$ cat query39.cif   # mmCIF, C-alpha atoms
data_final
loop_
_atom_site.group_PDB
_atom_site.id
_atom_site.type_symbol
_atom_site.label_atom_id
_atom_site.label_comp_id
_atom_site.auth_asym_id
_atom_site.auth_seq_id
_atom_site.Cartn_x
_atom_site.Cartn_y
_atom_site.Cartn_z
ATOM 1 C CA MET J 1 282.579 118.641 169.955
ATOM 2 C CA GLU J 2 280.559 121.546 171.301
ATOM 3 C CA VAL J 3 279.590 121.245 174.954
ATOM 4 C CA ARG J 4 276.014 122.266 175.714
ATOM 5 C CA TYR J 5 274.933 123.455 179.126
ATOM 6 C CA PRO J 6 271.435 123.716 180.596
ATOM 7 C CA ASP J 7 269.562 126.986 180.240
ATOM 8 C CA PHE J 8 270.435 128.110 183.773
ATOM 9 C CA TRP J 9 274.055 128.718 182.709
ATOM 10 C CA THR J 10 273.911 132.505 182.467
ATOM 11 C CA PRO J 11 277.038 134.509 181.538
ATOM 12 C CA LEU J 12 277.692 135.183 185.230
ATOM 13 C CA ARG J 13 277.468 131.478 186.040
ATOM 14 C CA MET J 14 279.697 130.564 183.133
ATOM 15 C CA ASP J 15 282.275 133.033 184.464
ATOM 16 C CA LEU J 16 282.063 131.485 187.914
ATOM 17 C CA ARG J 17 282.383 128.034 186.404
ATOM 18 C CA LEU J 18 285.524 129.159 184.572
ATOM 19 C CA TRP J 19 286.951 130.615 187.765
ATOM 20 C CA PHE J 20 286.323 127.417 189.714
ATOM 21 C CA GLU J 21 287.848 125.292 186.952
ATOM 22 C CA SER J 22 291.008 127.405 187.024
ATOM 23 C CA ASN J 23 291.331 127.892 190.776
ATOM 24 C CA ALA J 24 289.301 125.368 192.776
ATOM 25 C CA PRO J 25 287.933 122.541 190.601
ATOM 26 C CA SER J 26 286.831 120.404 193.546
ATOM 27 C CA LEU J 27 284.718 123.272 194.866
ATOM 28 C CA GLY J 28 283.459 123.855 191.342
ATOM 29 C CA GLU J 29 281.737 120.489 191.553
ATOM 30 C CA PHE J 30 280.008 121.633 194.739
ATOM 31 C CA TYR J 31 278.906 124.800 192.958
ATOM 32 C CA GLU J 32 277.596 123.015 189.873
ATOM 33 C CA GLY J 33 275.834 120.377 191.951
ATOM 34 C CA ALA J 34 274.175 123.039 194.089
ATOM 35 C CA LEU J 35 273.118 124.939 190.987
ATOM 36 C CA ARG J 36 271.469 121.874 189.498
ATOM 37 C CA MET J 37 269.562 121.289 192.733
ATOM 38 C CA ILE J 38 268.411 124.905 192.805
ATOM 39 C CA PHE J 39 266.574 124.257 189.545
ATOM 40 C CA SER J 40 265.315 120.821 190.610
ATOM 41 C CA GLU J 41 262.567 121.984 192.924
ATOM 42 C CA ALA J 42 261.309 118.462 193.595
ATOM 43 C CA PHE J 43 264.731 117.248 194.782
ATOM 44 C CA PRO J 44 264.282 116.022 198.393
ATOM 45 C CA GLY J 45 266.376 117.810 201.001
ATOM 46 C CA ARG J 46 267.798 120.279 198.510
ATOM 47 C CA VAL J 47 267.950 123.157 201.017
ATOM 48 C CA ARG J 48 270.364 121.220 203.216
ATOM 49 C CA PHE J 49 272.367 119.852 200.289
ATOM 50 C CA VAL J 50 272.776 123.302 198.740
ATOM 51 C CA ALA J 51 273.513 124.836 202.138
ATOM 52 C CA HIS J 52 276.223 122.244 202.744
ATOM 53 C CA ALA J 53 277.796 122.996 199.354
ATOM 54 C CA VAL J 54 277.866 126.749 199.991
ATOM 55 C CA ARG J 55 279.294 126.219 203.465
ATOM 56 C CA GLU J 56 282.093 124.058 202.065
ATOM 57 C CA ILE J 57 282.868 126.665 199.415
ATOM 58 C CA ARG J 58 283.050 129.410 202.030
ATOM 59 C CA ASN J 59 285.154 127.379 204.448
ATOM 60 C CA ARG J 60 287.587 125.911 201.918
ATOM 61 C CA LEU J 61 288.207 128.842 199.580
ATOM 62 C CA PRO J 62 290.619 130.687 201.922
ATOM 63 C CA ASP J 63 293.010 127.721 202.151
ATOM 64 C CA ILE J 64 292.704 126.809 198.465
ATOM 65 C CA ILE J 65 293.264 130.333 197.157
ATOM 66 C CA ALA J 66 295.447 131.871 199.874
ATOM 67 C CA GLY J 67 297.137 128.685 201.044
ATOM 68 C CA PRO J 68 296.859 127.110 204.501
ATOM 69 C CA LYS J 69 297.080 129.504 207.404
ATOM 70 C CA ALA J 70 300.640 129.983 208.581
ATOM 71 C CA GLY J 71 301.403 128.286 211.859
ATOM 72 C CA TRP J 72 300.946 124.848 213.270
ATOM 73 C CA ARG J 73 298.092 122.397 213.201
ATOM 74 C CA LEU J 74 296.919 121.552 216.689
ATOM 75 C CA ASP J 75 297.108 117.801 217.309
ATOM 76 C CA TYR J 76 293.952 117.356 219.361
ATOM 77 C CA LYS J 77 294.294 113.577 219.582
ATOM 78 C CA SER J 78 297.749 113.707 221.169
ATOM 79 C CA CYS J 79 296.721 116.486 223.547
ATOM 80 C CA LEU J 80 293.616 114.620 224.675
ATOM 81 C CA ASP J 81 295.581 111.379 225.010
ATOM 82 C CA ASP J 82 297.974 113.175 227.378
ATOM 83 C CA ILE J 83 295.086 114.597 229.390
ATOM 84 C CA GLY J 84 293.416 111.186 229.507
ATOM 85 C CA ASN J 85 296.573 109.533 230.813
ATOM 86 C CA LEU J 86 296.986 112.175 233.517
ATOM 87 C CA TRP J 87 293.297 111.925 234.355
ATOM 88 C CA LYS J 88 293.637 108.183 234.857
ATOM 89 C CA ARG J 89 296.897 108.518 236.800
ATOM 90 C CA HIS J 90 295.240 110.829 239.328
ATOM 91 C CA GLY J 91 292.277 108.521 239.746
ATOM 92 C CA LEU J 92 289.689 110.887 238.299
ATOM 93 C CA PRO J 93 286.440 109.268 237.114
ATOM 94 C CA PHE J 94 285.665 109.046 233.399
ATOM 95 C CA ASP J 95 281.886 108.922 233.830
ATOM 96 C CA GLY J 96 281.402 112.560 234.849
ATOM 97 C CA SER J 97 280.723 111.725 238.484
ATOM 98 C CA THR J 98 282.141 113.838 241.312
ATOM 99 C CA PRO J 99 285.593 112.639 242.361
ATOM 100 C CA THR J 100 285.769 111.632 246.008
ATOM 101 C CA ARG J 101 289.317 112.867 246.418
ATOM 102 C CA VAL J 102 290.994 115.313 244.065
ATOM 103 C CA SER J 103 293.217 117.270 246.449
ATOM 104 C CA GLU J 104 295.121 116.832 249.675
ATOM 105 C CA GLY J 105 292.013 117.628 251.721
ATOM 106 C CA ASP J 106 289.519 114.971 252.725
ATOM 107 C CA ALA J 107 286.400 117.121 252.314
ATOM 108 C CA LEU J 108 284.042 116.137 249.510
ATOM 109 C CA PRO J 109 283.975 119.002 246.983
ATOM 110 C CA SER J 110 280.703 120.566 245.884
ATOM 111 C CA ASN J 111 279.323 119.997 242.389
ATOM 112 C CA ASP J 112 279.875 123.676 241.580
ATOM 113 C CA ASP J 113 283.569 123.788 242.415
ATOM 114 C CA ILE J 114 285.698 120.754 241.590
ATOM 115 C CA PRO J 115 289.433 121.208 242.293
ATOM 116 C CA LEU J 116 291.834 119.464 239.927
ATOM 117 C CA PRO J 117 295.385 118.257 240.458
ATOM 118 C CA TYR J 118 297.683 120.935 239.080
ATOM 119 C CA PRO J 119 299.253 118.766 236.307
ATOM 120 C CA VAL J 120 295.769 117.998 234.948
ATOM 121 C CA PHE J 121 294.699 121.629 235.165
ATOM 122 C CA GLN J 122 297.885 122.723 233.370
ATOM 123 C CA LYS J 123 297.343 120.286 230.494
ATOM 124 C CA VAL J 124 293.725 121.392 230.056
ATOM 125 C CA ALA J 125 294.702 125.067 230.217
ATOM 126 C CA ASN J 126 297.437 124.543 227.611
ATOM 127 C CA LEU J 127 294.977 122.829 225.274
ATOM 128 C CA VAL J 128 292.499 125.705 225.569
ATOM 129 C CA ARG J 129 295.308 128.214 224.977
ATOM 130 C CA ASP J 130 296.572 126.419 221.870
ATOM 131 C CA HIS J 131 293.028 126.029 220.557
ATOM 132 C CA GLU J 132 292.490 129.781 220.799
ATOM 133 C CA ARG J 133 295.796 130.463 219.054
ATOM 134 C CA ALA J 134 295.068 128.048 216.212
ATOM 135 C CA ARG J 135 291.448 129.079 215.691
ATOM 136 C CA GLU J 136 290.808 131.447 212.831
ATOM 137 C CA THR J 137 287.677 133.556 212.875
ATOM 138 C CA ARG J 138 285.355 133.670 209.882
ATOM 139 C CA SER J 139 286.337 137.282 209.318
ATOM 140 C CA GLU J 140 290.070 136.500 209.391
ATOM 141 C CA ALA J 141 289.609 133.671 206.897
ATOM 142 C CA ALA J 142 287.573 135.894 204.580
ATOM 143 C CA ARG J 143 290.224 138.599 204.793
ATOM 144 C CA ARG J 144 292.954 136.151 203.745
ATOM 145 C CA LEU J 145 290.773 135.098 200.831
ATOM 146 C CA PHE J 146 290.068 138.616 199.583
ATOM 147 C CA LEU J 147 293.705 139.663 199.854
ATOM 148 C CA ALA J 148 294.871 136.587 197.950
ATOM 149 C CA ILE J 149 292.406 137.173 195.117
ATOM 150 C CA ASP J 150 293.194 140.869 194.729
ATOM 151 C CA GLN J 151 296.265 142.436 196.330
ATOM 152 C CA ASN J 152 294.671 145.860 195.851
ATOM 153 C CA ASN J 153 292.283 144.957 198.660
ATOM 154 C CA CYS J 154 295.029 145.702 201.172
ATOM 155 C CA VAL J 155 295.107 149.362 200.112
ATOM 156 C CA SER J 156 291.858 150.407 201.748
ATOM 157 C CA GLU J 157 290.350 148.824 204.846
ATOM 158 C CA ALA J 158 287.266 150.976 204.306
ATOM 159 C CA THR J 159 286.726 149.247 200.963
ATOM 160 C CA LEU J 160 287.646 145.751 202.109
ATOM 161 C CA ARG J 161 285.524 145.584 205.261
ATOM 162 C CA PRO J 162 282.109 146.001 203.558
ATOM 163 C CA ARG J 163 283.038 143.305 201.038
ATOM 164 C CA ILE J 164 283.978 140.878 203.808
ATOM 165 C CA ASP J 165 280.826 141.680 205.786
ATOM 166 C CA ASN J 166 278.638 141.162 202.724
ATOM 167 C CA TRP J 167 280.307 137.833 201.920
ATOM 168 C CA LEU J 168 279.836 136.525 205.460
ATOM 169 C CA LYS J 169 276.263 137.784 205.751
ATOM 170 C CA THR J 170 275.303 136.245 202.415
ATOM 171 C CA THR J 171 276.793 132.833 203.175
ATOM 172 C CA GLU J 172 275.688 132.643 206.811
ATOM 173 C CA TRP J 173 272.112 131.863 205.760
ATOM 174 C CA PHE J 174 273.392 128.627 204.217
ATOM 175 C CA VAL J 175 275.752 127.772 207.072
ATOM 176 C CA GLU J 176 272.805 127.884 209.475
ATOM 177 C CA ARG J 177 270.956 125.300 207.353
ATOM 178 C CA ALA J 178 273.773 122.904 206.525
ATOM 179 C CA HIS J 179 272.864 120.327 209.164
ATOM 180 C CA GLU J 180 269.808 118.245 209.924
ATOM 181 C CA ARG J 181 267.522 120.061 212.358
ATOM 182 C CA GLY J 182 264.445 117.882 212.194
ATOM 183 C CA GLN J 183 262.816 120.212 209.670
ATOM 184 C CA LYS J 184 261.754 119.764 206.066
ATOM 185 C CA ASP J 185 262.758 122.086 203.244
ATOM 186 C CA ALA J 186 259.535 124.066 203.469
ATOM 187 C CA GLU J 187 260.356 124.880 207.095
ATOM 188 C CA MET J 188 263.939 125.884 206.311
ATOM 189 C CA GLY J 189 263.335 128.615 203.769
ATOM 190 C CA GLY J 190 262.893 126.478 200.678
ATOM 191 C CA ASP J 191 260.807 129.202 199.066
ATOM 192 C CA GLU J 192 263.698 131.674 199.248
ATOM 193 C CA LEU J 193 266.504 129.252 198.388
ATOM 194 C CA LYS J 194 266.850 130.389 194.775
ATOM 195 C CA ASP J 195 267.005 134.084 195.680
ATOM 196 C CA ARG J 196 269.515 133.393 198.452
ATOM 197 C CA PHE J 197 271.695 131.357 196.116
ATOM 198 C CA GLU J 198 271.651 134.103 193.501
ATOM 199 C CA SER J 199 272.797 136.563 196.181
ATOM 200 C CA PHE J 200 275.628 134.159 196.980
ATOM 201 C CA GLU J 201 276.572 134.031 193.295
ATOM 202 C CA TRP J 202 276.627 137.822 193.025
ATOM 203 C CA ALA J 203 278.780 138.091 196.149
ATOM 204 C CA LEU J 204 281.142 135.436 194.797
ATOM 205 C CA SER J 205 281.264 137.143 191.416
ATOM 206 C CA ALA J 206 282.120 140.481 193.008
ATOM 207 C CA MET J 207 284.862 138.809 195.023
ATOM 208 C CA VAL J 208 286.599 137.242 192.019
ATOM 209 C CA ARG J 209 286.061 140.132 189.613
ATOM 210 C CA GLU J 210 289.791 140.871 189.489
ATOM 211 C CA PHE J 211 290.401 137.373 188.146
ATOM 212 C CA PHE J 212 288.184 138.075 185.154
ATOM 213 C CA LYS J 213 289.936 141.388 184.525
ATOM 214 C CA THR J 214 293.245 139.527 184.409
ATOM 215 C CA VAL J 215 291.837 136.927 182.012
ATOM 216 C CA GLU J 216 290.542 139.663 179.714
ATOM 217 C CA ALA J 217 293.932 141.377 179.752
ATOM 218 C CA LEU J 218 295.697 138.118 178.905
ATOM 219 C CA ASP J 219 293.238 137.467 176.082
ATOM 220 C CA GLU J 220 294.007 140.889 174.633
ATOM 221 C CA ILE J 221 297.752 140.220 174.820
ATOM 222 C CA LEU J 222 297.363 136.836 173.128
ATOM 223 C CA GLU J 223 295.145 138.329 170.452
ATOM 224 C CA GLN J 224 297.698 141.036 169.714
ATOM 225 C CA THR J 225 300.515 138.480 169.684
ATOM 226 C CA ASN J 226 298.710 136.201 167.245
ATOM 227 C CA SER J 227 297.503 138.965 164.925
#
$ encode --input "query39.cif" --output "structure tokens"
Amino acid sequence: MEVRYPDFWTPLRMDLRLWFESNAPSLGEFYEGALRMIFSEAFPGRVRFVAHAVREIRNRLPDIIAGPKAGWRLDYKSCLDDIGNLWKRHGLPFDGSTPTRVSEGDALPSNDDIPLPYPVFQKVANLVRDHERARETRSEAARRLFLAIDQNNCVSEATLRPRIDNWLKTTEWFVERAHERGQKDAEMGGDELKDRFESFEWALSAMVREFFKTVEALDEILEQTNS
């Protein structure tokens, strides 16, 4: 049975749909849902819904295509549990008030400079250190993604950097609108949503172009084999 798609399925969008189906089907649903909302101008809240979909695609693609970042996953709950236990053991208040005694001295500390018992300070410092080690910048994540899609990207930093910058710049518009800010669509750039989404599609298409080249090459091989 022939599958029919709405008129907005241009060749570029069909290619992207194929790529998502082959590489990231769960994100493909985000893409298709966002696309349908783009062409449903009366859909309430569509700017935020579409923005959320694009943000998820940008954030999840590096791990789906390149695999999870090497290293460990910081266990925030365990770290904070340890800090909480130490905090309680040293009699520090949990309500944000100024502790009356946090060191060997009897003087009441000022609100601008609160000394902490060394074990508590050390635990907090270690958590901040591990957080910085585990955190991956947007640029680093995009780089992993581009290298995983096309190994030739590692040949020239001069070629790779503009592609990363364009990808981040294009998607940042959506990231900034992914959460409720007390504004309606008309106040959040609803009139430019379609143009912005098309720019996102072009950036995504340029990023995965090597995939389509590979598919075309495989099709040629299969055609020759079956002829």
$ residues_around --input "query39.cif" --residues "Leu86 in chain J" --least-positions-apart "4" --cutoff "8 Å" --atoms "all atoms listed in the file" --output "list in words"
Asp82, His90, Pro119 and Val120 of chain J
$ write_last_selection --input "query39.cif" --atoms "C-alpha atoms" --output "CSV table (one decimal), in the frame of the given file"
chain,number,residue,atom,x,y,z
J,82,ASP,CA,298.0,113.2,227.4
J,90,HIS,CA,295.2,110.8,239.3
J,119,PRO,CA,299.3,118.8,236.3
J,120,VAL,CA,295.8,118.0,234.9
$ atom_distance --input "query39.cif" --atom1 "CA of Leu145 in chain J" --atom2 "CA of Ile64 in chain J"
8.8 Å
$ atom_distance --input "query39.cif" --atom1 "CA of Trp202 in chain J" --atom2 "CA of Glu176 in chain J"
19.6 Å
$ resolve_selection --input "query39.cif" --expression "the PyMOL selection byres ((chain J and resi 168) around 10)" --output "number ranges by chain"
J: 58, 138-139, 142, 162-167, 169-173, 175, 200, 203
$ residues_around --input "query39.cif" --residues "Gly28 in chain J" --least-positions-apart "2" --cutoff "9 Å" --atoms "only C-alpha atoms" --output "VMD selection string"
chain J and resid 16 to 21 23 to 26 30 to 33 57
$ write_last_selection --input "query39.cif" --atoms "C-alpha atoms" --output "mmCIF file, in the coordinates of the input"
data_model
loop_
_atom_site.group_PDB
_atom_site.id
_atom_site.type_symbol
_atom_site.label_atom_id
_atom_site.label_comp_id
_atom_site.auth_asym_id
_atom_site.auth_seq_id
_atom_site.Cartn_x
_atom_site.Cartn_y
_atom_site.Cartn_z
ATOM 1 C CA LEU J 16 282.063 131.485 187.914
ATOM 2 C CA ARG J 17 282.383 128.034 186.404
ATOM 3 C CA LEU J 18 285.524 129.159 184.572
ATOM 4 C CA TRP J 19 286.951 130.615 187.765
ATOM 5 C CA PHE J 20 286.323 127.417 189.714
ATOM 6 C CA GLU J 21 287.848 125.292 186.952
ATOM 7 C CA ASN J 23 291.331 127.892 190.776
ATOM 8 C CA ALA J 24 289.301 125.368 192.776
ATOM 9 C CA PRO J 25 287.933 122.541 190.601
ATOM 10 C CA SER J 26 286.831 120.404 193.546
ATOM 11 C CA PHE J 30 280.008 121.633 194.739
ATOM 12 C CA TYR J 31 278.906 124.800 192.958
ATOM 13 C CA GLU J 32 277.596 123.015 189.873
ATOM 14 C CA GLY J 33 275.834 120.377 191.951
ATOM 15 C CA ILE J 57 282.868 126.665 199.415
#
